[in-house]
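**Q** This is the structure, below, for whatever I ask next.
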Amino acid sequence: MKTDIQIAQEAEMIHIREVAAQLGIEEDELELYGKYKAKLSDELMEKVKDREDGKLILVTAINPTPAGEGKTTTSVGLGEAFGKMGKKAVLALREPSLGPCFGIKGGAAGGGYAQVVPMEELNLHFTGDFHAITSANNLLAALLDNHIQQGNELNIDPRQVVWKRCLDMNDRVLRNIVVGLGSKMDGMVREDHFVITVASEIMAVLCLADDMADLKERLGRMIVAYNFEGQPVTAGDLKATGAMAALLKDALKPNLIQTLEHTPAIIHGGPFANIAHGCNSVRATKTALKLADYVVTEAGFGADLGAEKFLDIKCRMAGLKPDAVVLVATVRALKYNGGVPKAELSSENLEALKKGIVNLEKHIENLQKYQVPVVVTLNSFITDTKAETAYVEQFCQEKGCEFALSEVWEKGGAGGIALAEKVLKTLEEKESRFQPLYDSSLPLTDKIEAVAREIYGADGVSYAPAALKELKRIEELGMGDFPVCMAKTQYSLSDDQTKLGRPSGFTVNVREVYVSAGAGFVVAITGAIMTMPGLGKTPAAYGIDVSDEGVITGLF
């Protein structure tokens, strides 16, 4: 079998104007980045804003395992299947981060014959959106330190600087650093920190902003520090808003590319779901809904992270209502949750499957709490047996879910027809009565506990003293009505990545809390999660190269 990158490099792409034409977009409404990439113009978004919305389909998954789940592959394949069936469909997905590309997770283009292309460009620099976000973030950091150096008119307490620099790379040594070393002219010496770009507040702000005016308002109210009286100092106070907006002007526009079967794909924004809110941009999703009858979007990692944040943060803020949710699992991943080592997953093991399916069960129950119809799909592997597949299908039907086998990795859109038919049936027969998990008026601790108890299955929540103190300050500052964004390991329903299946009898430990005032949510950091990941012992970067002819190899 060919590798993902071989399949992508052999693809015969069509000009992006032909892709756009499928959605009724004219070439003058595109801003071209070569033949196969384009940004959607502000004029287009203004033109379509009053059209009726299409159907919104969210794709999510069980907790990720080394066995693989294929959430993005399924999203892309479902979009391709709609295309094969003559439906007017579009994908609305996130952009990949360089950190995972050169680390261990890999990219975000899908896989096999269900990919978006040009794959290498998407996974590397793409249209420069992440570079713009990184630049805007670090401009603000530079203006902040310069303000302190130049007399500190705002009376900023250097011990209470909360704005962090960022880099779109896994670089553990930058988590905790000291800046300002050298002479007096080199700035004030203080402790500083880096986060990965996809965990930065500017990434969240860009993805939640409706337009440039909203973007500037959100940028201006981002809290960068506190003064000696304990009052917040914002980016607006530092007069940084306009310059940051200038850097983000083009990054605010969604990007258009295509799948291997030429289905339109709007790719924009990429906040991590285990740290940030894990969804593509509101602008991209809302524009997609005006351009097509069916919009396939996804949220990062498992449903306990990505779907929860999509439903409780993005939909709440943007006024979106998903019409159906596709929940992706694999037999291999379920057996892994049942205790089977990765090397033994190819053998039939119904007992392990029955033991591990509780992870799928919990995610089904969680999604049903939002009163949105759920379709479960098994991403097919050739090692799956009929008995294993039949067991999962029966289990899902008993839980009130439609079920379909997905073979999109091997067959592209043709392998997703069964899933697409089940999704269409669900959209026709079941109405979404979507409602968020918790009310905005609840105290922040109640919101955190609602997610921990209802979604993770925890017995309760414990807080570090500093976290409780910060929660109190946030509420005193008038931001207690914000939703909560839980930073948690993706590998377990709990905050301990070693607890597989459906853990019980555990407490979620909140060690740190901070407010993203521009994004409009409160981040609760749990367990050992890091906002700046590190590279593994053998990072994927070791296997990536480029030939003398300019062909990239080793990128998946």
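Scheme for the structure tokens: letters A, B, ... for chains in order shown; per-chain residue numbers from 1; ligand numbers from 1 in order shown.
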Write out as number ranges by chain the residues lying within 12 Å of Gly501 (chain A), counting only C-alpha atoms and excluding same-chain residues fewer than 4 positions away.
**A** A: 62-65, 333-340, 352-363, 456-457, 491-494, 496-497
**Q** As a PyMOL selection string, please: all residues of region 235-471 of chain A that backbone DSSP puts in alpha helix (DSSP H).
**A** chain A and resi 241-248+282-291+308-309+315-318+331-337+350-356+358-368+386-398+408-411+417-429+444-450+465-471
**Q** Hey, which of A:Thr72, A:Gln150, A:Asn509, A:Thr531 ends up closest to Val461 (chain A)? Count only C-alpha atoms.
**A**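 Using only C-alpha atoms, the shortest distance to Val461 (chain A) belongs to A:Asn509.
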**Q** Need to verify the contact set: Glu31 (chain A), 7 Å, only C-alpha atoms, exclusion of same-chain residues closer than 2 positions in sequence. Can you return it as a list in words?
**A** Glu29, Tyr33, Ala38, Lys39, Leu40 and Ser41 of chain A
**Q** Limited to all heavy atoms, could you put the picked residues into a file as a PDB file, in the first residue's frame?
**A**
ATOM      1  N   GLU A  29     -13.862  36.417  -6.469  1.00  0.00           N
ATOM      2  CA  GLU A  29     -14.170  36.357  -5.041  1.00  0.00           C
ATOM      3  C   GLU A  29     -13.130  35.535  -4.271  1.00  0.00           C
ATOM      4  O   GLU A  29     -13.293  35.274  -3.090  1.00  0.00           O
ATOM      5  CB  GLU A  29     -15.568  35.776  -4.833  1.00  0.00           C
ATOM      6  CG  GLU A  29     -16.652  36.684  -5.411  1.00  0.00           C
ATOM      7  CD  GLU A  29     -18.015  36.030  -5.484  1.00  0.00           C
ATOM      8  OE1 GLU A  29     -18.089  34.799  -5.663  1.00  0.00           O
ATOM      9  OE2 GLU A  29     -19.019  36.758  -5.364  1.00  0.00           O
ATOM     10  N   TYR A  33      -3.511  31.840  -4.015  1.00  0.00           N
ATOM     11  CA  TYR A  33      -2.163  31.522  -3.544  1.00  0.00           C
ATOM     12  C   TYR A  33      -1.649  30.397  -4.450  1.00  0.00           C
ATOM     13  O   TYR A  33      -1.593  29.240  -4.054  1.00  0.00           O
ATOM     14  CB  TYR A  33      -2.186  31.052  -2.080  1.00  0.00           C
ATOM     15  CG  TYR A  33      -2.306  32.172  -1.069  1.00  0.00           C
ATOM     16  CD1 TYR A  33      -3.432  32.991  -1.032  1.00  0.00           C
ATOM     17  CD2 TYR A  33      -1.297  32.418  -0.140  1.00  0.00           C
ATOM     18  CE1 TYR A  33      -3.548  34.018  -0.115  1.00  0.00           C
ATOM     19  CE2 TYR A  33      -1.404  33.441   0.788  1.00  0.00           C
ATOM     20  CZ  TYR A  33      -2.536  34.240   0.793  1.00  0.00           C
ATOM     21  OH  TYR A  33      -2.643  35.257   1.712  1.00  0.00           O
ATOM     22  N   ALA A  38      -6.433  29.122  -2.101  1.00  0.00           N
ATOM     23  CA  ALA A  38      -6.977  30.478  -2.188  1.00  0.00           C
ATOM     24  C   ALA A  38      -7.593  30.863  -0.850  1.00  0.00           C
ATOM     25  O   ALA A  38      -7.984  29.994  -0.060  1.00  0.00           O
ATOM     26  CB  ALA A  38      -8.024  30.570  -3.289  1.00  0.00           C
ATOM     27  N   LYS A  39      -7.652  32.148  -0.615  1.00  0.00           N
ATOM     28  CA  LYS A  39      -8.408  32.660   0.513  1.00  0.00           C
ATOM     29  C   LYS A  39      -9.755  33.192   0.014  1.00  0.00           C
ATOM     30  O   LYS A  39      -9.851  33.695  -1.109  1.00  0.00           O
ATOM     31  CB  LYS A  39      -7.625  33.769   1.230  1.00  0.00           C
ATOM     32  CG  LYS A  39      -6.544  33.202   2.161  1.00  0.00           C
ATOM     33  CD  LYS A  39      -5.955  34.248   3.057  1.00  0.00           C
ATOM     34  CE  LYS A  39      -5.060  33.623   4.120  1.00  0.00           C
ATOM     35  NZ  LYS A  39      -5.819  32.889   5.152  1.00  0.00           N
ATOM     36  N   LEU A  40     -10.779  33.045   0.851  1.00  0.00           N
ATOM     37  CA  LEU A  40     -12.099  33.567   0.519  1.00  0.00           C
ATOM     38  C   LEU A  40     -12.138  35.049   0.878  1.00  0.00           C
ATOM     39  O   LEU A  40     -11.761  35.442   1.976  1.00  0.00           O
ATOM     40  CB  LEU A  40     -13.175  32.801   1.288  1.00  0.00           C
ATOM     41  CG  LEU A  40     -13.194  31.279   1.086  1.00  0.00           C
ATOM     42  CD1 LEU A  40     -14.307  30.645   1.905  1.00  0.00           C
ATOM     43  CD2 LEU A  40     -13.335  30.921  -0.388  1.00  0.00           C
ATOM     44  N   SER A  41     -12.591  35.854  -0.051  1.00  0.00           N
ATOM     45  CA  SER A  41     -12.553  37.297   0.146  1.00  0.00           C
ATOM     46  C   SER A  41     -13.655  37.766   1.094  1.00  0.00           C
ATOM     47  O   SER A  41     -14.678  37.095   1.279  1.00  0.00           O
ATOM     48  CB  SER A  41     -12.706  38.016  -1.200  1.00  0.00           C
ATOM     49  OG  SER A  41     -14.027  37.803  -1.708  1.00  0.00           O
TER      50      SER A  41
END
**Q** Kindly indicate which residue among A:Asp214, A:Leu305, A:Ile382, A:Val522 lies nearest to Ser347 (chain A), using only C-alpha atoms for the distances.
**A**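 Closest to Ser347 (chain A), using only C-alpha atoms: A:Ile382.
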**Q** Which of these residues is nearest to Asp250 (chain A), using only C-alpha atoms: A:Phe130, A:Phe102, A:Phe228, A:Tyr542?
**A**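 Residue with the minimum atom-to-atom distance to Asp250 (chain A): A:Phe130.
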**Q** Under the rule that only C-alpha atoms are counted, which of A:Glu476, A:Glu201, A:Asp145, A:Glu344 is the nearest residue to Pro158 (chain A)?
**A**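 Closest residue, counting only C-alpha atoms: A:Asp145.
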**Q** Excluding Gly269 (chain A) and any residue of its chain fewer than 2 positions from it, enumerate the residues within 6 Å of it, using only C-alpha atoms, and give them as a VMD selection string.
**A** chain A and resid 94 to 95 207 280 to 281
**Q** Take the residues from that selection and write them out as a PDB file, in the first residue's frame, keeping C-alpha atoms.
**A**
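Here's the written file part.pdb:
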ATOM      1  CA  ARG A  94      -8.520  23.033  11.103  1.00  0.00           C
ATOM      2  CA  GLU A  95      -5.033  23.829   9.865  1.00  0.00           C
ATOM      3  CA  CYS A 207     -10.966  31.449  15.426  1.00  0.00           C
ATOM      4  CA  ASN A 280     -11.691  25.639  13.187  1.00  0.00           C
ATOM      5  CA  SER A 281     -12.723  29.262  12.846  1.00  0.00           C
TER       6      SER A 281
END
**Q** Using only C-alpha atoms, which of the listed residues (A:Asp4, A:Glu12, A:Glu410, A:Asp459) sits closest to Thr74 (chain A)?
**A**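 Closest to Thr74 (chain A), using only C-alpha atoms: A:Glu410.
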**Q** For Lys369 (chain A), please output as a PyMOL selection string all residues within 9 Å (counting only C-alpha atoms; exclusion window: fewer than 5 positions along the same chain).
**A** chain A and resi 364+434-437+454
**Q** Limited to N, CA and C atoms, could you put the picked residues into a file as a PDB file, in the first residue's frame?
**A**
ATOM      1  N   ILE A 364     -20.733   8.075  23.683  1.00  0.00           N
ATOM      2  CA  ILE A 364     -22.112   8.112  23.189  1.00  0.00           C
ATOM      3  C   ILE A 364     -23.015   8.792  24.209  1.00  0.00           C
ATOM      4  N   PHE A 434     -30.326  20.656  20.244  1.00  0.00           N
ATOM      5  CA  PHE A 434     -29.062  20.985  20.900  1.00  0.00           C
ATOM      6  C   PHE A 434     -29.214  21.970  22.048  1.00  0.00           C
ATOM      7  N   GLN A 435     -28.547  21.640  23.143  1.00  0.00           N
ATOM      8  CA  GLN A 435     -28.414  22.565  24.265  1.00  0.00           C
ATOM      9  C   GLN A 435     -27.067  22.335  24.922  1.00  0.00           C
ATOM     10  N   PRO A 436     -26.383  23.400  25.361  1.00  0.00           N
ATOM     11  CA  PRO A 436     -25.092  23.237  26.031  1.00  0.00           C
ATOM     12  C   PRO A 436     -25.235  22.454  27.330  1.00  0.00           C
ATOM     13  N   LEU A 437     -24.113  22.008  27.851  1.00  0.00           N
ATOM     14  CA  LEU A 437     -24.110  21.180  29.057  1.00  0.00           C
ATOM     15  C   LEU A 437     -24.490  21.981  30.293  1.00  0.00           C
ATOM     16  N   GLU A 454     -19.903  15.190  34.511  1.00  0.00           N
ATOM     17  CA  GLU A 454     -20.810  14.724  33.460  1.00  0.00           C
ATOM     18  C   GLU A 454     -20.083  14.145  32.250  1.00  0.00           C
TER      19      GLU A 454
END
**Q** Can you list, as a list in words, every protein, DNA or RNA residue that comes within 6 Å of Pro271 (chain A) when you count only C-alpha atoms, leaving out same-chain residues fewer than 3 positions away?
**A**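 Listed by chain and then number, they are Val198, Ala199, Ala276 and Gly278 of chain A.
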**Q** Looking at A:Pro322, A:Pro503, A:Gly111, A:Pro264, which one is nearest to Val408 (chain A), with distances taken over only C-alpha atoms?
**A** A:Gly111
**Q** Would you list the contacts of Met244 (chain A) as a CSV table (one decimal) with C-alpha atoms, in the first residue's frame, taking every protein, DNA or RNA residue within 9 Å and counting only C-alpha atoms, but skipping same-chain residues closer than 5 positions in sequence?
**A**
chain,number,residue,atom,x,y,z
A,132,ALA,CA,1.0,35.7,11.3
A,133,ILE,CA,-0.5,34.6,14.6
A,135,SER,CA,4.2,37.3,14.9
A,136,ALA,CA,1.2,39.2,16.4
A,137,ASN,CA,1.6,37.3,19.7
A,139,LEU,CA,4.8,41.7,18.8
A,140,LEU,CA,2.5,42.1,21.9
A,216,LYS,CA,-9.9,44.1,17.1
A,219,LEU,CA,-7.5,41.6,20.7
A,249,LYS,CA,-5.6,41.0,8.3
**Q** Counting only C-alpha atoms, which residues of region 56-108 of chain A fall within 12 Å of region 412-428 of chain A, and what is the closest atom pair for each with its distance in Å at one decimal, ordered by chain and rising number, as a Markdown table?
**A**
| residue | atom | partner | partner_atom | distance |
| --- | --- | --- | --- | --- |
| A:Leu56 | CA | A:Leu427 | CA | 9.8 |
| A:Ile57 | CA | A:Val423 | CA | 8.5 |
| A:Leu58 | CA | A:Val423 | CA | 10.8 |
| A:Val59 | CA | A:Val423 | CA | 11.0 |
| A:Thr73 | CA | A:Gly412 | CA | 9.2 |
| A:Thr74 | CA | A:Gly416 | CA | 8.0 |
| A:Ser75 | CA | A:Gly416 | CA | 9.6 |
| A:Val76 | CA | A:Gly413 | CA | 8.4 |
| A:Gly77 | CA | A:Gly413 | CA | 5.2 |
| A:Leu78 | CA | A:Gly416 | CA | 5.5 |
| A:Gly79 | CA | A:Gly413 | CA | 7.4 |
| A:Glu80 | CA | A:Gly413 | CA | 4.4 |
| A:Ala81 | CA | A:Gly413 | CA | 4.0 |
| A:Phe82 | CA | A:Ala420 | CA | 6.4 |
| A:Gly83 | CA | A:Gly413 | CA | 7.6 |
| A:Lys84 | CA | A:Gly413 | CA | 6.5 |
| A:Met85 | CA | A:Ile417 | CA | 7.7 |
| A:Gly86 | CA | A:Ile417 | CA | 11.4 |
| A:Lys87 | CA | A:Ala420 | CA | 10.2 |
| A:Ala89 | CA | A:Ala420 | CA | 11.2 |
**Q** Quote the spacing between CA of Asn366 (chain A) and CA of Ile448 (chain A) in Å to one decimal place.
**A** 15.4 Å
**Q** Can you pull out every residue from region 251-471 of chain A that DSSP, working from the backbone, puts in strand (DSSP E), and format the result as an MDAnalysis selection string?
**A** chainID A and resid 255:259 264:267 294:298 324:329 374:379 402:406 460:463
